[in-house]
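Asks: The structure's right below; bear with me while I get my questions together.
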Amino acid sequence: SPAALERWQAKKFFKRRLRRICPAYYASMVYAVLLPLALVTLFKLCHLSTHWQQLPSWRQVITHCLFIQTFFVDTWAGFCGPLWSLGVEAQFYLLFPLAVWLYKRFGPRAFAIIVASSVAYRIAASLILGPQKDWTVEFLWSINFLGRWQEFGLGMFVAWVIAGRMHSGKKGSAASGTLG
């Protein structure tokens, strides 16, 4: 609703995101390091053959702690591969206030601006990069916030449509929801 949009505050938004994501994220990083160490120790105590897993470098730890691991070829997969997506998610959260500002300024046209800027970025990145021997470079360019912002913008548009229908009291069919 327009009233909710006017009450929206970036500071509160960031506080909620940090409280929700960081504790679990950092705990999973600790778990990804400690579990293999515990298992290797257990195997050694049981006189079973095993090998020590290399500990992550400080660069790995720092880039992951700051959610910037996806900016570097040597850190994006890191010591716990699935955590790369949190770096991308953090980029979306950091730029969410920009999306809110665009919507406040341009209304529903903001979604078109977001999609167009993302598509333009993808085209420019393809032209700049050209054919790549290493797929990870192209992958990392494509997964940053600009590379994926069209999906975010389209998701926001669908949420805007659904919220509008809910506020108007109109009920949609399951098929129209699925299509959306």
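In the structure tokens, chains take letters A, B, ... by order of appearance, with residues numbered from 1 within each chain and ligands from 1 in the order shown.
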What lies within 12 Å of Ser126 of chain A using only C-alpha atoms, ignoring chain neighbours under 4 positions off, as a list in words?

Replies: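 After dropping sequence-adjacent residues, the list is Val119, Ala120, Tyr121, Arg122, Gly130, Pro131, Gln132, Val137, Glu138, Phe139, Trp141, Ser142 and Gly147 of chain A.
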
Asks: Would you compute the distance between atom CA of Gly153 of chain A and atom CA of Lys15 of chain A? Give it in Å to one decimal.

Replies: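 According to the coordinates, atom CA of Gly153 of chain A and atom CA of Lys15 of chain A are separated by 22.4 Å.
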
Asks: Write out as a list in words the residues lying within 10 Å of segment 99-110 of chain A, counting only C-alpha atoms and excluding same-chain residues fewer than 4 positions away.

Replies: Pro2, Leu5, Glu6, Trp8, Gln9, Ala10, Phe92, Tyr93, Leu95, Ile114, Val115, Ala116, Trp149, Phe152, Gly153, Met156, Phe157, Trp160 and Val161 of chain A

Asks: Write out as an mmCIF file with N, CA, C and O atoms, in the first residue's frame the set of residues from segment 34-69 of chain A that DSSP, computed on the backbone, places in helix (DSSP H, G or I).

Replies:
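File produced: result_13.cif:
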```cif
data_model
loop_
_atom_site.group_PDB
_atom_site.id
_atom_site.type_symbol
_atom_site.label_atom_id
_atom_site.label_comp_id
_atom_site.auth_asym_id
_atom_site.auth_seq_id
_atom_site.Cartn_x
_atom_site.Cartn_y
_atom_site.Cartn_z
ATOM 1 N N LEU A 34 34.466 -26.648 11.275
ATOM 2 C CA LEU A 34 34.655 -27.529 12.423
ATOM 3 C C LEU A 34 34.210 -28.971 12.187
ATOM 4 O O LEU A 34 34.822 -29.898 12.734
ATOM 5 N N LEU A 35 33.157 -29.178 11.422
ATOM 6 C CA LEU A 35 32.678 -30.550 11.210
ATOM 7 C C LEU A 35 33.747 -31.434 10.578
ATOM 8 O O LEU A 35 34.012 -32.532 11.093
ATOM 9 N N PRO A 36 34.388 -31.017 9.494
ATOM 10 C CA PRO A 36 35.447 -31.883 8.942
ATOM 11 C C PRO A 36 36.589 -32.126 9.936
ATOM 12 O O PRO A 36 37.116 -33.236 10.005
ATOM 13 N N LEU A 37 36.942 -31.099 10.723
ATOM 14 C CA LEU A 37 37.996 -31.290 11.723
ATOM 15 C C LEU A 37 37.569 -32.320 12.764
ATOM 16 O O LEU A 37 38.365 -33.185 13.163
ATOM 17 N N ALA A 38 36.334 -32.243 13.195
ATOM 18 C CA ALA A 38 35.826 -33.199 14.186
ATOM 19 C C ALA A 38 35.784 -34.612 13.603
ATOM 20 O O ALA A 38 36.153 -35.585 14.288
ATOM 21 N N LEU A 39 35.355 -34.729 12.361
ATOM 22 C CA LEU A 39 35.283 -36.061 11.741
ATOM 23 C C LEU A 39 36.668 -36.662 11.545
ATOM 24 O O LEU A 39 36.871 -37.859 11.797
ATOM 25 N N VAL A 40 37.616 -35.855 11.099
ATOM 26 C CA VAL A 40 38.982 -36.360 10.917
ATOM 27 C C VAL A 40 39.553 -36.802 12.262
ATOM 28 O O VAL A 40 40.184 -37.863 12.370
ATOM 29 N N THR A 41 39.324 -35.996 13.300
ATOM 30 C CA THR A 41 39.800 -36.351 14.644
ATOM 31 C C THR A 41 39.171 -37.669 15.096
ATOM 32 O O THR A 41 39.859 -38.549 15.626
ATOM 33 N N LEU A 42 37.882 -37.819 14.886
ATOM 34 C CA LEU A 42 37.186 -39.054 15.250
ATOM 35 C C LEU A 42 37.754 -40.250 14.486
ATOM 36 O O LEU A 42 38.002 -41.313 15.068
ATOM 37 N N PHE A 43 37.978 -40.075 13.188
ATOM 38 C CA PHE A 43 38.550 -41.163 12.385
ATOM 39 C C PHE A 43 39.942 -41.534 12.898
ATOM 40 O O PHE A 43 40.279 -42.715 12.992
ATOM 41 N N LYS A 44 40.744 -40.531 13.231
ATOM 42 C CA LYS A 44 42.102 -40.794 13.742
ATOM 43 C C LYS A 44 42.035 -41.541 15.075
ATOM 44 O O LYS A 44 42.811 -42.470 15.308
ATOM 45 N N LEU A 45 41.118 -41.134 15.946
ATOM 46 C CA LEU A 45 40.960 -41.814 17.233
ATOM 47 C C LEU A 45 40.525 -43.259 17.058
ATOM 48 O O LEU A 45 40.854 -44.127 17.871
ATOM 49 N N TRP A 58 42.626 -16.874 5.249
ATOM 50 C CA TRP A 58 42.024 -15.669 5.827
ATOM 51 C C TRP A 58 41.236 -14.916 4.764
ATOM 52 O O TRP A 58 40.202 -14.328 5.054
ATOM 53 N N ARG A 59 41.708 -14.933 3.536
ATOM 54 C CA ARG A 59 40.989 -14.273 2.428
ATOM 55 C C ARG A 59 39.603 -14.900 2.249
ATOM 56 O O ARG A 59 38.622 -14.197 2.061
ATOM 57 N N GLN A 60 39.552 -16.232 2.325
ATOM 58 C CA GLN A 60 38.260 -16.917 2.227
ATOM 59 C C GLN A 60 37.329 -16.469 3.355
ATOM 60 O O GLN A 60 36.172 -16.132 3.128
ATOM 61 N N VAL A 61 37.855 -16.486 4.563
ATOM 62 C CA VAL A 61 37.037 -16.141 5.728
ATOM 63 C C VAL A 61 36.564 -14.686 5.644
ATOM 64 O O VAL A 61 35.378 -14.397 5.838
ATOM 65 N N ILE A 62 37.454 -13.785 5.346
ATOM 66 C CA ILE A 62 37.096 -12.362 5.302
ATOM 67 C C ILE A 62 36.078 -12.074 4.198
ATOM 68 O O ILE A 62 35.077 -11.384 4.440
ATOM 69 N N THR A 63 36.320 -12.604 3.002
ATOM 70 C CA THR A 63 35.360 -12.326 1.913
ATOM 71 C C THR A 63 33.992 -12.925 2.217
ATOM 72 O O THR A 63 32.974 -12.313 1.897
ATOM 73 N N HIS A 64 33.973 -14.085 2.851
ATOM 74 C CA HIS A 64 32.683 -14.670 3.222
ATOM 75 C C HIS A 64 32.008 -13.873 4.333
ATOM 76 O O HIS A 64 30.802 -13.655 4.292
ATOM 77 N N CYS A 65 32.772 -13.453 5.318
ATOM 78 C CA CYS A 65 32.185 -12.671 6.420
ATOM 79 C C CYS A 65 31.591 -11.357 5.917
ATOM 80 O O CYS A 65 30.597 -10.878 6.456
ATOM 81 N N GLN A 69 32.352 -12.659 -1.408
ATOM 82 C CA GLN A 69 33.059 -13.779 -2.009
ATOM 83 C C GLN A 69 32.758 -13.950 -3.492
ATOM 84 O O GLN A 69 33.591 -14.461 -4.239
#
```

Asks: What's the 12 Å shell around Thr70 of chain A, counting only C-alpha atoms, without same-chain residues fewer than 2 positions away, as JSON, numbers by chain?

Replies: {"A": [60, 63, 64, 65, 66, 67, 68, 72, 73, 74, 75, 76, 77, 78, 81, 82, 83, 84, 85, 86, 87, 88, 89, 90, 91, 136, 137, 138, 139, 140, 141, 142, 143, 144, 145]}

Asks: Write out the residues from the selection above, keeping N, CA, C and O atoms, as a short mmCIF file (atom, residue, chain, number, x, y, z; two decimals), in the first residue's frame.

Replies:
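This is the output file again_17.cif:
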```cif
data_model
loop_
_atom_site.label_atom_id
_atom_site.label_comp_id
_atom_site.auth_asym_id
_atom_site.auth_seq_id
_atom_site.Cartn_x
_atom_site.Cartn_y
_atom_site.Cartn_z
N GLN A 60 39.55 -16.23 2.32
CA GLN A 60 38.26 -16.92 2.23
C GLN A 60 37.33 -16.47 3.35
O GLN A 60 36.17 -16.13 3.13
N THR A 63 36.32 -12.60 3.00
CA THR A 63 35.36 -12.33 1.91
C THR A 63 33.99 -12.93 2.22
O THR A 63 32.97 -12.31 1.90
N HIS A 64 33.97 -14.08 2.85
CA HIS A 64 32.68 -14.67 3.22
C HIS A 64 32.01 -13.87 4.33
O HIS A 64 30.80 -13.66 4.29
N CYS A 65 32.77 -13.45 5.32
CA CYS A 65 32.19 -12.67 6.42
C CYS A 65 31.59 -11.36 5.92
O CYS A 65 30.60 -10.88 6.46
N LEU A 66 32.20 -10.79 4.89
CA LEU A 66 31.72 -9.52 4.34
C LEU A 66 30.74 -9.71 3.17
O LEU A 66 30.31 -8.73 2.56
N PHE A 67 30.41 -10.95 2.85
CA PHE A 67 29.48 -11.28 1.77
C PHE A 67 29.98 -10.81 0.41
O PHE A 67 29.19 -10.48 -0.48
N ILE A 68 31.28 -10.77 0.20
CA ILE A 68 31.83 -10.31 -1.08
C ILE A 68 32.57 -11.43 -1.81
O ILE A 68 33.30 -11.17 -2.77
N PHE A 72 35.19 -12.55 -6.51
CA PHE A 72 36.53 -13.06 -6.78
C PHE A 72 36.46 -14.53 -7.20
O PHE A 72 35.80 -15.34 -6.56
N VAL A 73 37.19 -14.86 -8.26
CA VAL A 73 37.21 -16.22 -8.79
C VAL A 73 37.73 -17.21 -7.73
O VAL A 73 37.23 -18.32 -7.63
N ASP A 74 38.70 -16.77 -6.93
CA ASP A 74 39.30 -17.70 -5.97
C ASP A 74 38.53 -17.84 -4.66
O ASP A 74 38.88 -18.66 -3.83
N THR A 75 37.46 -17.06 -4.46
CA THR A 75 36.74 -17.16 -3.18
C THR A 75 35.26 -17.49 -3.33
O THR A 75 34.61 -17.81 -2.35
N TRP A 76 34.71 -17.41 -4.52
CA TRP A 76 33.26 -17.54 -4.64
C TRP A 76 32.74 -18.89 -4.16
O TRP A 76 31.72 -18.96 -3.50
N ALA A 77 33.42 -19.97 -4.49
CA ALA A 77 32.96 -21.29 -4.04
C ALA A 77 33.40 -21.54 -2.60
O ALA A 77 32.70 -22.20 -1.85
N GLY A 78 34.53 -21.00 -2.24
CA GLY A 78 34.99 -21.01 -0.86
C GLY A 78 35.04 -22.35 -0.18
O GLY A 78 35.06 -23.39 -0.81
N GLY A 81 30.77 -24.37 -0.50
CA GLY A 81 30.25 -23.96 -1.80
C GLY A 81 28.88 -23.31 -1.83
O GLY A 81 28.72 -22.25 -2.42
N PRO A 82 27.88 -23.87 -1.19
CA PRO A 82 26.54 -23.29 -1.29
C PRO A 82 26.41 -21.87 -0.72
O PRO A 82 25.47 -21.17 -1.03
N LEU A 83 27.38 -21.44 0.08
CA LEU A 83 27.27 -20.11 0.68
C LEU A 83 27.49 -18.98 -0.33
O LEU A 83 27.27 -17.82 0.00
N TRP A 84 27.90 -19.31 -1.56
CA TRP A 84 28.10 -18.24 -2.55
C TRP A 84 26.83 -17.45 -2.76
O TRP A 84 26.85 -16.23 -2.96
N SER A 85 25.68 -18.11 -2.67
CA SER A 85 24.42 -17.43 -2.97
C SER A 85 24.08 -16.35 -1.94
O SER A 85 23.37 -15.39 -2.24
N LEU A 86 24.62 -16.47 -0.71
CA LEU A 86 24.38 -15.44 0.30
C LEU A 86 25.07 -14.14 -0.07
O LEU A 86 24.59 -13.05 0.28
N GLY A 87 26.18 -14.20 -0.77
CA GLY A 87 26.84 -12.99 -1.24
C GLY A 87 25.95 -12.24 -2.22
O GLY A 87 25.81 -11.02 -2.15
N VAL A 88 25.31 -12.98 -3.10
CA VAL A 88 24.38 -12.37 -4.06
C VAL A 88 23.16 -11.80 -3.34
O VAL A 88 22.72 -10.68 -3.60
N GLU A 89 22.65 -12.56 -2.40
CA GLU A 89 21.49 -12.10 -1.63
C GLU A 89 21.81 -10.80 -0.88
O GLU A 89 21.00 -9.87 -0.85
N ALA A 90 23.01 -10.73 -0.30
CA ALA A 90 23.40 -9.51 0.41
C ALA A 90 23.46 -8.31 -0.53
O ALA A 90 23.09 -7.19 -0.15
N GLN A 91 23.88 -8.54 -1.77
CA GLN A 91 23.90 -7.44 -2.75
C GLN A 91 22.48 -6.94 -3.00
O GLN A 91 22.25 -5.72 -3.08
N THR A 136 33.89 -19.77 -14.97
CA THR A 136 33.61 -19.10 -13.70
C THR A 136 33.60 -17.59 -13.82
O THR A 136 32.85 -16.92 -13.13
N VAL A 137 34.42 -17.03 -14.70
CA VAL A 137 34.44 -15.58 -14.88
C VAL A 137 33.08 -15.09 -15.38
O VAL A 137 32.49 -14.16 -14.82
N GLU A 138 32.59 -15.73 -16.41
CA GLU A 138 31.27 -15.36 -16.96
C GLU A 138 30.17 -15.60 -15.93
O GLU A 138 29.26 -14.78 -15.77
N PHE A 139 30.27 -16.70 -15.22
CA PHE A 139 29.29 -17.01 -14.17
C PHE A 139 29.26 -15.93 -13.11
O PHE A 139 28.20 -15.43 -12.73
N LEU A 140 30.42 -15.53 -12.61
CA LEU A 140 30.48 -14.52 -11.56
C LEU A 140 29.97 -13.16 -12.04
O LEU A 140 29.33 -12.44 -11.28
N TRP A 141 30.24 -12.81 -13.29
CA TRP A 141 29.70 -11.56 -13.83
C TRP A 141 28.18 -11.63 -13.91
O TRP A 141 27.49 -10.65 -13.73
N SER A 142 27.66 -12.82 -14.19
CA SER A 142 26.21 -12.95 -14.37
C SER A 142 25.44 -13.02 -13.07
O SER A 142 24.26 -12.70 -13.03
N ILE A 143 26.10 -13.44 -11.97
CA ILE A 143 25.33 -13.62 -10.74
C ILE A 143 25.32 -12.41 -9.83
O ILE A 143 24.61 -12.42 -8.83
N ASN A 144 26.09 -11.38 -10.13
CA ASN A 144 26.03 -10.23 -9.23
C ASN A 144 24.67 -9.56 -9.36
O ASN A 144 23.86 -9.91 -10.21
N PHE A 145 24.41 -8.58 -8.50
CA PHE A 145 23.06 -8.03 -8.42
C PHE A 145 22.57 -7.51 -9.76
O PHE A 145 21.42 -7.70 -10.11
#
```

Asks: What is the atom CA of Lys11 of chain A to atom CA of Pro23 of chain A distance in Å?

Replies: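 Between atom CA of Lys11 of chain A and atom CA of Pro23 of chain A the gap works out to 18.4 Å.
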
Asks: At what distance in Å, to one decimal, does atom CA of Ser49 of chain A lie from atom CA of Cys80 of chain A?

Replies: 23.2 Å

Asks: So, with only C-alpha atoms as the atoms that count, which of A:Val30, A:Leu94, A:Ile113, A:Ile128 lies closest to Phe13 of chain A?

Replies: A:Leu94
